[in-house]
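Shown next, in structure tokens, is the structure this report addresses.
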Number of protein chains: 2
Amino acid sequence: MARTVGIIGLGLIGGSMAIDLKRREYAGTILGVESDPVNAAAAGKMCLADEIVPLDECVRRSDIIVIAIPVGAAVKMLPGILDLCDSDKVVIDTCSTKSQIVRAVHYHPMRSRYVATHPMAGTEYSGPWAAMPNLFDGRACIFANTEESDPRAVKTIEEMYDVLNMRPIYMNADAHDVHTAYVSHISHVTSFALALTVLEKEKDEKHIFDLASGGFSSTVRLAKSSSEMWVPILTQNHDNVLHVIDTYLEKMKEFRDAIAEYDSERIEDLIHEANRIKKILR
Amino acid sequence: MARTVGIIGLGLIGGSMAIDLKRREYAGTILGVESDPVNAAAAGKMCLADEIVPLDECVRRSDIIVIAIPVGAAVKMLPGILDLCDSDKVVIDTCSTKSQIVRAVHYHPMRSRYVATHPMAGTEYSGPWAAMPNLFDGRACIFANTEESDPRAVKTIEEMYDVLNMRPIYMNADAHDVHTAYVSHISHVTSFALALTVLEKEKDEKHIFDLASGGFSSTVRLAKSSSEMWVPILTQNHDNVLHVIDTYLEKMKEFRDAIAEYDSERIEDLIHEANRIKKILR
């Protein structure tokens, strides 16, 4: 079947989807929309899309429209895209927060053509140059509020993510935002704060480079993530993120106090408790 | 040359050294000392050492003695080992804090036979099963207070770490403890606290497993580290670690406040500042 997939935003997520949907023959044609001219030129040269087209044309010609841009812009763009849709098209987004975007189109007459998803894969890099094959293999993809979507539209998107080798998980949008605050958003905030701490204190940058062993690099890796993506996530998921930060600050203070008091037993208990993460993650 | 290297503690560090020093023919014989009987049996079966021997015998028969056990135990053990040494032997430790251990033997009559080192390599795993070839390749090895050691002893150890493909960096023990507080110790504390936060809040552990993408796993990886190793590090490097934790808590609060106030510009500034870590780390 010569399905046409339109991808709005050919960055890390959109570009990586483009590669695998085309290679794995789910899409006959990939149409790309890219507002940044440098990214558009690069995405074209890298063959992430068969054509780079304007937004309207993309929606008109595509069977599936994927919105893969930062969540702030996606929330603004989605209603207008649904305005252009007929009941043969399916629109999805890939954003990292879900409550606000599903709320933005809750009463839209074409709401049932929209499927809210969050493929939980990525790296700390962005732009078309960050796109890579196999990015999604084996990871989870959240489907949020599928009861608001046409079941056939959901099925189409399930098939698409199946081609990307993702495991679907179904969840309410608000629950999604709580869970991702814990397993994704807080990790980014702690990495940013760690980078700021080390950069402020280690004026002699050579020492960071010389001494940073694998542990530091992996803990601080997410601090390379872009503000374009993360400012809207952190402000949209405001309440949950603040709640997690506050719990986190309490835990840090428990550690701080145990160390301040040379309380080896308490430190040991805290580390043993933290080690339980091994039950969950390899 | 049939050099004999005695390694006290055949865990991640000691065991990995044993493998490469033997394979790369720096050591003719590896003598291992392992107080834990299960570890000793495993290390023997895995051929990490040619023989497992008692401590006294290890010191007597070895040309180089490597103390690769948690720093609390190492500080207690080092003076007694130097007591047994003559001026043909060299003793080193591989511990992650250096001030206290160099202070413990500052006035020891055999001080010059001791070289304080910290090979900055490792993983979050421990014990002989964590030992692996090539662990040290390309990483930095700190030599602390070499002016207190016999230059020939230093040279011997430089040659040994050269075989392990490590870059030597020379530093005062106190400076070492400041720098490692920033680039290693704080990363572990933030990972432990992150694990505690997520474990406390995500009662439904399945969701952590399902949703944790690469970002979370890498940030929380160090939370698997052992209390045996980390309690003594955090208590010995008390002042520096507390100082860094306090700076870190300030940075977290800056983030918290910017998010609480929906201050997108401030969040963006903080992220841009944190992104500067890219200048230093790939």
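Residue numbers start at 1 in each chain; chains themselves are named A, B, ... in the order of the structure tokens; ligands are numbered from 1 in the order shown.
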
Per residue of chain A within 7 Å of chain B, which atom pair is closest and at what distance in Å (one decimal), using only C-alpha atoms, listed by chain and increasing number, as JSON lines?
```
{"residue": "A:Met120", "atom": "CA", "partner": "B:Ser213", "partner_atom": "CA", "distance": 5.9}
{"residue": "A:Ala121", "atom": "CA", "partner": "B:Ser213", "partner_atom": "CA", "distance": 6.0}
{"residue": "A:Ala140", "atom": "CA", "partner": "B:Asp210", "partner_atom": "CA", "distance": 6.3}
{"residue": "A:Tyr182", "atom": "CA", "partner": "B:Val198", "partner_atom": "CA", "distance": 5.9}
{"residue": "A:Val183", "atom": "CA", "partner": "B:Ala212", "partner_atom": "CA", "distance": 5.5}
{"residue": "A:Ser184", "atom": "CA", "partner": "B:Phe216", "partner_atom": "CA", "distance": 5.8}
{"residue": "A:Ser187", "atom": "CA", "partner": "B:Phe216", "partner_atom": "CA", "distance": 5.8}
{"residue": "A:Phe192", "atom": "CA", "partner": "B:Ala274", "partner_atom": "CA", "distance": 5.3}
{"residue": "A:Ala193", "atom": "CA", "partner": "B:Lys251", "partner_atom": "CA", "distance": 5.4}
{"residue": "A:Leu194", "atom": "CA", "partner": "B:Tyr248", "partner_atom": "CA", "distance": 6.5}
{"residue": "A:Ala195", "atom": "CA", "partner": "B:Ala274", "partner_atom": "CA", "distance": 5.2}
{"residue": "A:Leu196", "atom": "CA", "partner": "B:Ala274", "partner_atom": "CA", "distance": 5.1}
{"residue": "A:Thr197", "atom": "CA", "partner": "B:Tyr248", "partner_atom": "CA", "distance": 5.4}
{"residue": "A:Val198", "atom": "CA", "partner": "B:Tyr182", "partner_atom": "CA", "distance": 5.9}
{"residue": "A:Glu205", "atom": "CA", "partner": "B:Ile280", "partner_atom": "CA", "distance": 7.0}
{"residue": "A:Ile208", "atom": "CA", "partner": "B:Val183", "partner_atom": "CA", "distance": 6.5}
{"residue": "A:Phe209", "atom": "CA", "partner": "B:Ile280", "partner_atom": "CA", "distance": 5.9}
{"residue": "A:Asp210", "atom": "CA", "partner": "B:Ala140", "partner_atom": "CA", "distance": 6.3}
{"residue": "A:Leu211", "atom": "CA", "partner": "B:Ala140", "partner_atom": "CA", "distance": 6.4}
{"residue": "A:Ala212", "atom": "CA", "partner": "B:Val183", "partner_atom": "CA", "distance": 5.5}
{"residue": "A:Ser213", "atom": "CA", "partner": "B:Met120", "partner_atom": "CA", "distance": 6.0}
{"residue": "A:Gly215", "atom": "CA", "partner": "B:Leu222", "partner_atom": "CA", "distance": 6.7}
{"residue": "A:Phe216", "atom": "CA", "partner": "B:Ser184", "partner_atom": "CA", "distance": 5.8}
{"residue": "A:Ser218", "atom": "CA", "partner": "B:Ser218", "partner_atom": "CA", "distance": 5.5}
{"residue": "A:Thr219", "atom": "CA", "partner": "B:Thr219", "partner_atom": "CA", "distance": 4.4}
{"residue": "A:Leu222", "atom": "CA", "partner": "B:Gly215", "partner_atom": "CA", "distance": 6.6}
{"residue": "A:Ala223", "atom": "CA", "partner": "B:Asn275", "partner_atom": "CA", "distance": 5.8}
{"residue": "A:Lys224", "atom": "CA", "partner": "B:Asn275", "partner_atom": "CA", "distance": 4.8}
{"residue": "A:Ser227", "atom": "CA", "partner": "B:Glu268", "partner_atom": "CA", "distance": 5.6}
{"residue": "A:Val231", "atom": "CA", "partner": "B:Ser264", "partner_atom": "CA", "distance": 6.2}
{"residue": "A:Leu234", "atom": "CA", "partner": "B:Ile259", "partner_atom": "CA", "distance": 6.7}
{"residue": "A:Thr235", "atom": "CA", "partner": "B:Tyr262", "partner_atom": "CA", "distance": 5.8}
{"residue": "A:His238", "atom": "CA", "partner": "B:Ile259", "partner_atom": "CA", "distance": 6.6}
{"residue": "A:Leu242", "atom": "CA", "partner": "B:Arg256", "partner_atom": "CA", "distance": 6.6}
{"residue": "A:Ile245", "atom": "CA", "partner": "B:Arg256", "partner_atom": "CA", "distance": 7.0}
{"residue": "A:Thr247", "atom": "CA", "partner": "B:Thr197", "partner_atom": "CA", "distance": 6.1}
{"residue": "A:Tyr248", "atom": "CA", "partner": "B:Thr197", "partner_atom": "CA", "distance": 5.4}
{"residue": "A:Lys251", "atom": "CA", "partner": "B:Ala193", "partner_atom": "CA", "distance": 5.4}
{"residue": "A:Met252", "atom": "CA", "partner": "B:Ala193", "partner_atom": "CA", "distance": 5.5}
{"residue": "A:Arg256", "atom": "CA", "partner": "B:Leu242", "partner_atom": "CA", "distance": 6.6}
{"residue": "A:Ile259", "atom": "CA", "partner": "B:Thr235", "partner_atom": "CA", "distance": 6.1}
{"residue": "A:Ala260", "atom": "CA", "partner": "B:Leu242", "partner_atom": "CA", "distance": 6.9}
{"residue": "A:Tyr262", "atom": "CA", "partner": "B:Thr235", "partner_atom": "CA", "distance": 5.9}
{"residue": "A:Ser264", "atom": "CA", "partner": "B:Val231", "partner_atom": "CA", "distance": 6.2}
{"residue": "A:Ile267", "atom": "CA", "partner": "B:Val231", "partner_atom": "CA", "distance": 6.3}
{"residue": "A:Glu268", "atom": "CA", "partner": "B:Ser227", "partner_atom": "CA", "distance": 5.6}
{"residue": "A:Ile271", "atom": "CA", "partner": "B:Ser227", "partner_atom": "CA", "distance": 5.8}
{"residue": "A:His272", "atom": "CA", "partner": "B:Ser227", "partner_atom": "CA", "distance": 6.8}
{"residue": "A:Glu273", "atom": "CA", "partner": "B:Leu196", "partner_atom": "CA", "distance": 6.8}
{"residue": "A:Ala274", "atom": "CA", "partner": "B:Leu196", "partner_atom": "CA", "distance": 5.1}
{"residue": "A:Asn275", "atom": "CA", "partner": "B:Lys224", "partner_atom": "CA", "distance": 4.9}
{"residue": "A:Ile277", "atom": "CA", "partner": "B:Ala195", "partner_atom": "CA", "distance": 6.2}
{"residue": "A:Lys278", "atom": "CA", "partner": "B:Lys224", "partner_atom": "CA", "distance": 6.3}
{"residue": "A:Ile280", "atom": "CA", "partner": "B:Phe209", "partner_atom": "CA", "distance": 5.8}
{"residue": "A:Leu281", "atom": "CA", "partner": "B:Phe209", "partner_atom": "CA", "distance": 6.5}
```

Check your understanding: How would you write, as a PyMOL selection string, the set of residues in segment 13-170 of chain A that DSSP gives as alpha helix (DSSP H)?
Key -> chain A and resi 13-23+37-45+55-61+71-83+99-104+151-163

Could you build a table of the residues in segment 81-161 of chain B lying no more than 6 Å from segment 4-22 of chain B, giving for each the nearest pair of atoms and their separation in Å rounded to one decimal place, using only C-alpha atoms, ordered by chain and ascending residue number, as a tab-separated table?
```
residue	atom	partner	partner_atom	distance
B:Ser126	CA	B:Leu12	CA	5.1
B:Gly127	CA	B:Gly11	CA	4.0
B:Pro128	CA	B:Gly11	CA	4.3
B:Ala130	CA	B:Leu12	CA	4.9
B:Ala131	CA	B:Leu12	CA	4.4
B:Met132	CA	B:Ser16	CA	5.0
B:Pro133	CA	B:Ser16	CA	5.8
```

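Atom CA of Pro54 of chain B is found 15.2 Å from atom CA of Val38 of chain B.
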
Check your understanding: So which bits of segment 16-238 of chain A end up strand (DSSP E or B) when you DSSP the backbone, as number ranges by chain?
Key -> A: 29-33, 51-52, 64-67, 90-93, 114-119, 140-144, 167-171

**Study point:** Contact residues around segment 95-98 of chain B with only C-alpha atoms at 6 Å, ignoring same-chain residues under 2 positions, as a PyMOL selection string
**Key:** chain B and resi 71+93+100-101+118+173+177

Taking all heavy atoms for each residue, export the selection above as a PDB file, in the first residue's frame.
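Once everything was written out, this is result08.pdb:
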```
ATOM      1  N   VAL B  71      38.038   2.404  50.888  1.00  0.00           N
ATOM      2  CA  VAL B  71      39.043   3.298  51.445  1.00  0.00           C
ATOM      3  C   VAL B  71      39.117   3.248  52.978  1.00  0.00           C
ATOM      4  O   VAL B  71      40.200   3.424  53.549  1.00  0.00           O
ATOM      5  CB  VAL B  71      38.843   4.753  50.926  1.00  0.00           C
ATOM      6  CG1 VAL B  71      37.512   5.341  51.377  1.00  0.00           C
ATOM      7  CG2 VAL B  71      39.990   5.648  51.333  1.00  0.00           C
ATOM      8  N   ASP B  93      47.792   2.254  46.576  1.00  0.00           N
ATOM      9  CA  ASP B  93      46.363   2.019  46.778  1.00  0.00           C
ATOM     10  C   ASP B  93      45.647   2.585  45.562  1.00  0.00           C
ATOM     11  O   ASP B  93      46.235   3.322  44.771  1.00  0.00           O
ATOM     12  CB  ASP B  93      45.851   2.680  48.058  1.00  0.00           C
ATOM     13  CG  ASP B  93      45.636   4.159  47.866  1.00  0.00           C
ATOM     14  OD1 ASP B  93      46.617   4.854  47.475  1.00  0.00           O
ATOM     15  OD2 ASP B  93      44.517   4.649  48.054  1.00  0.00           O
ATOM     16  N   GLN B 100      42.948  11.402  53.482  1.00  0.00           N
ATOM     17  CA  GLN B 100      43.060  10.672  54.740  1.00  0.00           C
ATOM     18  C   GLN B 100      44.109   9.558  54.667  1.00  0.00           C
ATOM     19  O   GLN B 100      44.880   9.365  55.600  1.00  0.00           O
ATOM     20  CB  GLN B 100      41.689  10.093  55.112  1.00  0.00           C
ATOM     21  CG  GLN B 100      41.605   9.712  56.573  1.00  0.00           C
ATOM     22  CD  GLN B 100      40.170   9.450  57.012  1.00  0.00           C
ATOM     23  OE1 GLN B 100      39.238  10.114  56.539  1.00  0.00           O
ATOM     24  NE2 GLN B 100      39.981   8.499  57.903  1.00  0.00           N
ATOM     25  N   ILE B 101      44.182   8.885  53.556  1.00  0.00           N
ATOM     26  CA  ILE B 101      45.127   7.768  53.455  1.00  0.00           C
ATOM     27  C   ILE B 101      46.565   8.274  53.425  1.00  0.00           C
ATOM     28  O   ILE B 101      47.454   7.683  54.054  1.00  0.00           O
ATOM     29  CB  ILE B 101      44.790   6.820  52.271  1.00  0.00           C
ATOM     30  CG1 ILE B 101      45.505   5.476  52.444  1.00  0.00           C
ATOM     31  CG2 ILE B 101      45.096   7.446  50.921  1.00  0.00           C
ATOM     32  CD1 ILE B 101      44.930   4.351  51.589  1.00  0.00           C
ATOM     33  N   HIS B 118      44.917   6.920  42.121  1.00  0.00           N
ATOM     34  CA  HIS B 118      43.476   6.731  41.931  1.00  0.00           C
ATOM     35  C   HIS B 118      43.203   6.561  40.443  1.00  0.00           C
ATOM     36  O   HIS B 118      43.060   7.542  39.717  1.00  0.00           O
ATOM     37  CB  HIS B 118      42.695   7.928  42.499  1.00  0.00           C
ATOM     38  CG  HIS B 118      41.217   7.823  42.285  1.00  0.00           C
ATOM     39  ND1 HIS B 118      40.369   8.903  42.378  1.00  0.00           N
ATOM     40  CD2 HIS B 118      40.424   6.758  41.992  1.00  0.00           C
ATOM     41  CE1 HIS B 118      39.125   8.504  42.131  1.00  0.00           C
ATOM     42  NE2 HIS B 118      39.133   7.220  41.901  1.00  0.00           N
ATOM     43  N   ALA B 173      46.932  15.615  47.291  1.00  0.00           N
ATOM     44  CA  ALA B 173      45.822  14.773  47.767  1.00  0.00           C
ATOM     45  C   ALA B 173      44.576  15.605  48.095  1.00  0.00           C
ATOM     46  O   ALA B 173      43.451  15.191  47.793  1.00  0.00           O
ATOM     47  CB  ALA B 173      46.254  13.972  48.992  1.00  0.00           C
ATOM     48  N   ASP B 177      40.802  15.445  46.296  1.00  0.00           N
ATOM     49  CA  ASP B 177      39.524  15.219  46.966  1.00  0.00           C
ATOM     50  C   ASP B 177      38.504  16.307  46.641  1.00  0.00           C
ATOM     51  O   ASP B 177      37.295  16.039  46.606  1.00  0.00           O
ATOM     52  CB  ASP B 177      39.738  15.100  48.482  1.00  0.00           C
ATOM     53  CG  ASP B 177      40.355  13.747  48.847  1.00  0.00           C
ATOM     54  OD1 ASP B 177      40.723  12.983  47.931  1.00  0.00           O
ATOM     55  OD2 ASP B 177      40.462  13.457  50.058  1.00  0.00           O
TER      56      ASP B 177
END
```

Review point. What lies within 9 Å of Ile81 of chain B using only C-alpha atoms, ignoring chain neighbours under 2 positions off, as a ChimeraX atom specification?
Key: /B:55-56,59,65,77-79,83-85,91

Just the selected residues (N, CA, C and O atoms), exported as a compact mmCIF listing (two decimals), in the first residue's frame, please.
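Resulting contents of selection.txt:
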```txt
# COMPACT_ATOMS: atom_id res chain seq x y z
N LEU B 55 47.50 -12.30 53.62
CA LEU B 55 48.07 -10.96 53.45
C LEU B 55 49.58 -10.93 53.65
O LEU B 55 50.32 -10.39 52.80
N ASP B 56 50.06 -11.51 54.76
CA ASP B 56 51.50 -11.45 55.07
C ASP B 56 52.33 -12.07 53.94
O ASP B 56 53.34 -11.51 53.51
N VAL B 59 52.46 -9.82 50.85
CA VAL B 59 53.40 -8.70 50.96
C VAL B 59 54.84 -9.23 50.84
O VAL B 59 55.67 -8.65 50.15
N ILE B 65 52.68 -4.15 45.65
CA ILE B 65 51.47 -4.53 46.38
C ILE B 65 50.39 -3.47 46.09
O ILE B 65 50.62 -2.28 46.31
N MET B 77 44.68 -0.63 56.85
CA MET B 77 45.60 -1.69 56.47
C MET B 77 46.97 -1.19 56.03
O MET B 77 47.99 -1.86 56.23
N LEU B 78 47.01 -0.01 55.41
CA LEU B 78 48.25 0.46 54.79
C LEU B 78 49.46 0.53 55.74
O LEU B 78 50.54 0.03 55.39
N PRO B 79 49.32 1.11 56.96
CA PRO B 79 50.51 1.19 57.83
C PRO B 79 51.11 -0.18 58.12
O PRO B 79 52.34 -0.35 58.07
N ASP B 83 54.85 -1.62 57.31
CA ASP B 83 55.69 -2.21 58.35
C ASP B 83 56.44 -3.44 57.83
O ASP B 83 57.56 -3.73 58.24
N LEU B 84 55.77 -4.19 56.94
CA LEU B 84 56.34 -5.44 56.44
C LEU B 84 57.26 -5.21 55.23
O LEU B 84 57.83 -6.17 54.70
N CYS B 85 57.33 -3.95 54.76
CA CYS B 85 58.04 -3.71 53.50
C CYS B 85 59.53 -3.45 53.68
O CYS B 85 59.95 -2.88 54.67
N VAL B 91 54.28 -0.11 47.42
CA VAL B 91 52.87 -0.32 47.79
C VAL B 91 52.05 0.81 47.19
O VAL B 91 52.44 1.97 47.25
```

**Study point:** Pick from A:Lys203, A:Lys45, A:His106, A:Arg3 nearest to Asp88 of chain A, counting only C-alpha atoms
**Key:**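 Looking at the shortest contact to Asp88 of chain A, the residue is A:Arg3.
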
Check your understanding: Separation of atom CA of Ala104 of chain A and atom CA of Lys76 of chain A, in Å?
Key -> 8.3 Å
